[in-house]
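**Q** Just passing along the structure, written as structure tokens.
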Protein chains: 2
Amino acid sequence: MRSRRYSTMNAMKWSPAVTAATSTRELAHPSCAEIRLEGVLHALSDPLRLRIVRELAVADDALSCSYFDLPISKSTTTHHFRVLRESGVIEQNYRGTAKMSGLRREDLDRLFPGLLDSVLGAAAAQAARLGDR
Amino acid sequence: MRSRRYSTMNAMKWSPAVTAATSTRELAHPSCAEIRLEGVLHALSDPLRLRIVRELAVADDALSCSYFDLPISKSTTTHHFRVLRESGVIEQNYRGTAKMSGLRREDLDRLFPGLLDSVLGAAAAQAARLGDR
DNA sequence: TGCTTCGTACGATACCCATCGTAGTAAGCC
DNA sequence: GGCTTACTACGATGGGTATCGTACGAAGCA
């Protein structure tokens, strides 16, 4: 018998050790050691999530979730950002009522040198090849 | 039950795909224009498929499906190879009773320069970081 | 103290997909 | 012709996941 597939989220569903703090709005992020290539690739394989990552990549600093004009509901948006965060692609924190998201560029570059850049380049190439947008 | 018409349905399923064929046993491959980055990333986001691709990458030429010692059934193996082929990551053709698979390295490099290499490098780095295998 | 903005949790739904076993085709060999 | 090897199609199954609406919470503002 084989473990079915890989467990998408590395064992940390949505209630990790953060519970010690008193109502501090903190979000669980995987440590670098917990980031898995398969999870990163899976996170990037969704068109909407790839689009989010591309926009984050050209931004100077973190962007709020509401910055993105996505053709999906707010709940689904939350879902996609959570997939990106739990796979280790982005980091998020609260600033007032807003939730800011930014690429974990340095972590990813250290773990998987060149990967993020080539994915971003490939996405740009494909966008140019198709009708762009 | 011996004389059940099986190949007729098969032929109908495959024939509309044109492709000036010399043999009836030809496999459908996406053209370069049809290859999508999201599909490639999705294909590579499965641990078993990534493992297949890694082994193909170090092989000199195409390998038969049975070369791989995968911890899954033969039907599931067929499924994974089909995902890889239909996403444009590998090409396959029949040689006798065997089905040979090889990376579409040049196509991928032309479409997405550097992507394949960085994914392979990332996979190797992660394998080294973890217990390897 | 309300009201607004922004995001979350929850439950539901429908589709996707990894897996299997079984039964079948296709080529090669004795 | 039978036997073997290699792979496939089909149908089923169970878990994954993208989507939604609704109700809720937390922060900021009037």
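So you can find residues: chains in the structure tokens are A, B, ... in the order shown, residues in each start at 1, and ligands are numbered from 1 in order.
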Pull out every residue of chain B that has at least one atom within 9 Å of chain C, counting only C-alpha atoms (C1' of nucleotides), and report them as a list in words.
**A**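 So the residues of chain B near chain C are Tyr6, Ser7, Ile72, Ser73, Ser75, Thr76, His79, His80, Gly96, Thr97 and Ala98 of chain B.
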**Q** Output N, CA and C atoms of each residue in that selection to a file, as a PDB file, in the first residue's frame.
**A**
```
ATOM      1  N   TYR B   6     -14.335  -4.583 -29.803  1.00  0.00           N
ATOM      2  CA  TYR B   6     -13.647  -3.627 -28.943  1.00  0.00           C
ATOM      3  C   TYR B   6     -12.900  -2.584 -29.763  1.00  0.00           C
ATOM      4  N   SER B   7     -12.232  -3.080 -30.783  1.00  0.00           N
ATOM      5  CA  SER B   7     -11.374  -2.167 -31.544  1.00  0.00           C
ATOM      6  C   SER B   7     -12.188  -1.155 -32.339  1.00  0.00           C
ATOM      7  N   ILE B  72       2.944   1.629  -7.926  1.00  0.00           N
ATOM      8  CA  ILE B  72       1.540   1.750  -8.285  1.00  0.00           C
ATOM      9  C   ILE B  72       1.214   0.681  -9.321  1.00  0.00           C
ATOM     10  N   SER B  73      -0.057   0.513  -9.567  1.00  0.00           N
ATOM     11  CA  SER B  73      -0.483  -0.508 -10.518  1.00  0.00           C
ATOM     12  C   SER B  73      -0.156  -0.079 -11.948  1.00  0.00           C
ATOM     13  N   SER B  75      -2.226   0.167 -14.426  1.00  0.00           N
ATOM     14  CA  SER B  75      -3.219   1.106 -14.957  1.00  0.00           C
ATOM     15  C   SER B  75      -2.883   2.520 -14.515  1.00  0.00           C
ATOM     16  N   THR B  76      -2.491   2.663 -13.265  1.00  0.00           N
ATOM     17  CA  THR B  76      -2.155   4.001 -12.778  1.00  0.00           C
ATOM     18  C   THR B  76      -0.899   4.522 -13.467  1.00  0.00           C
ATOM     19  N   HIS B  79      -1.888   5.926 -16.654  1.00  0.00           N
ATOM     20  CA  HIS B  79      -2.517   7.227 -16.424  1.00  0.00           C
ATOM     21  C   HIS B  79      -1.484   8.333 -16.297  1.00  0.00           C
ATOM     22  N   HIS B  80      -0.446   8.100 -15.494  1.00  0.00           N
ATOM     23  CA  HIS B  80       0.552   9.143 -15.269  1.00  0.00           C
ATOM     24  C   HIS B  80       1.323   9.466 -16.548  1.00  0.00           C
ATOM     25  N   GLY B  96       7.672  -2.167 -30.985  1.00  0.00           N
ATOM     26  CA  GLY B  96       7.286  -3.538 -30.668  1.00  0.00           C
ATOM     27  C   GLY B  96       6.163  -3.518 -29.644  1.00  0.00           C
ATOM     28  N   THR B  97       6.274  -4.320 -28.637  1.00  0.00           N
ATOM     29  CA  THR B  97       5.242  -4.299 -27.606  1.00  0.00           C
ATOM     30  C   THR B  97       5.517  -3.203 -26.589  1.00  0.00           C
ATOM     31  N   ALA B  98       6.667  -2.632 -26.635  1.00  0.00           N
ATOM     32  CA  ALA B  98       7.003  -1.629 -25.630  1.00  0.00           C
ATOM     33  C   ALA B  98       6.556  -0.245 -26.067  1.00  0.00           C
TER      34      ALA B  98
END
```
**Q** Which residues of chain D are close to chain A, meaning at most 8 Å apart when you count only C-alpha atoms (C1' of nucleotides), and how do they look as a PyMOL selection string?
**A** chain D and resi 18-20+26-28
**Q** Give me the chain A side of the contact with chain B, cut-off 8 Å, one line per residue showing its nearest atom pair and distance in Å at one decimal, counting only C-alpha atoms, sorted by chain and residue number, as CSV.
**A**
```
residue,atom,partner,partner_atom,distance
A:Arg2,CA,B:Pro71,CA,6.9
A:Arg5,CA,B:Asp46,CA,7.4
A:Tyr6,CA,B:Pro47,CA,7.1
A:Arg36,CA,B:Gln126,CA,7.7
A:Leu37,CA,B:Ala123,CA,6.8
A:Glu38,CA,B:Ser45,CA,4.5
A:Gly39,CA,B:Ser45,CA,6.8
A:Val40,CA,B:Ser45,CA,7.8
A:Leu41,CA,B:Ser45,CA,5.1
A:His42,CA,B:Ser45,CA,5.0
A:Leu44,CA,B:Leu41,CA,7.0
A:Ser45,CA,B:Glu38,CA,4.5
A:Asp46,CA,B:Glu38,CA,6.3
A:Pro47,CA,B:Glu38,CA,6.5
A:Leu111,CA,B:Ala122,CA,7.4
A:Phe112,CA,B:Ala122,CA,4.7
A:Pro113,CA,B:Ala122,CA,7.0
A:Gly114,CA,B:Ser118,CA,5.8
A:Leu115,CA,B:Ser118,CA,5.1
A:Ser118,CA,B:Leu115,CA,5.1
A:Val119,CA,B:Leu115,CA,6.3
A:Gly121,CA,B:Phe112,CA,7.4
A:Ala122,CA,B:Phe112,CA,4.7
A:Ala123,CA,B:Leu37,CA,6.8
A:Ala125,CA,B:Phe112,CA,7.1
A:Gln126,CA,B:Leu37,CA,7.3
```
**Q** To test your reading of the structure, identify every residue in chain A that backbone DSSP assigns to strand (DSSP E), and report it as a PyMOL selection string.
**A** chain A and resi 63-64+90-95+98-103
**Q** With all C-alpha atoms matched in order and chain A superposed on chain B by least squares, what's the RMSD to one decimal?
**A**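 Result: 8.5 Å C-alpha RMSD.
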**Q** Can you list, as a ChimeraX atom specification, every residue of region 6-122 of chain B that DSSP puts in alpha helix (DSSP H)?
**A** /B:7-14,37-44,47-58,74-87,105-111,115-122
**Q** Have a look at B:Arg54, B:Arg105, B:Arg110, B:His29 and name the one nearest to Gly88 (chain B); count only C-alpha atoms.
**A**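 Counting only C-alpha atoms, the residue closest to Gly88 (chain B) is B:His29.
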**Q** Which residue, B:Leu27, B:Val83, B:Met100, B:Val89, has the smallest gap to Ser66 (chain B) when you use only C-alpha atoms?
**A**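 Among the listed residues, the smallest separation from Ser66 (chain B) belongs to B:Met100.
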**Q** In Å to one decimal, how far is CA of Ala28 (chain B) from CA of Tyr67 (chain B)?
**A**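 So the two atoms, CA of Tyr67 (chain B) and CA of Ala28 (chain B), lie 21.9 Å apart.
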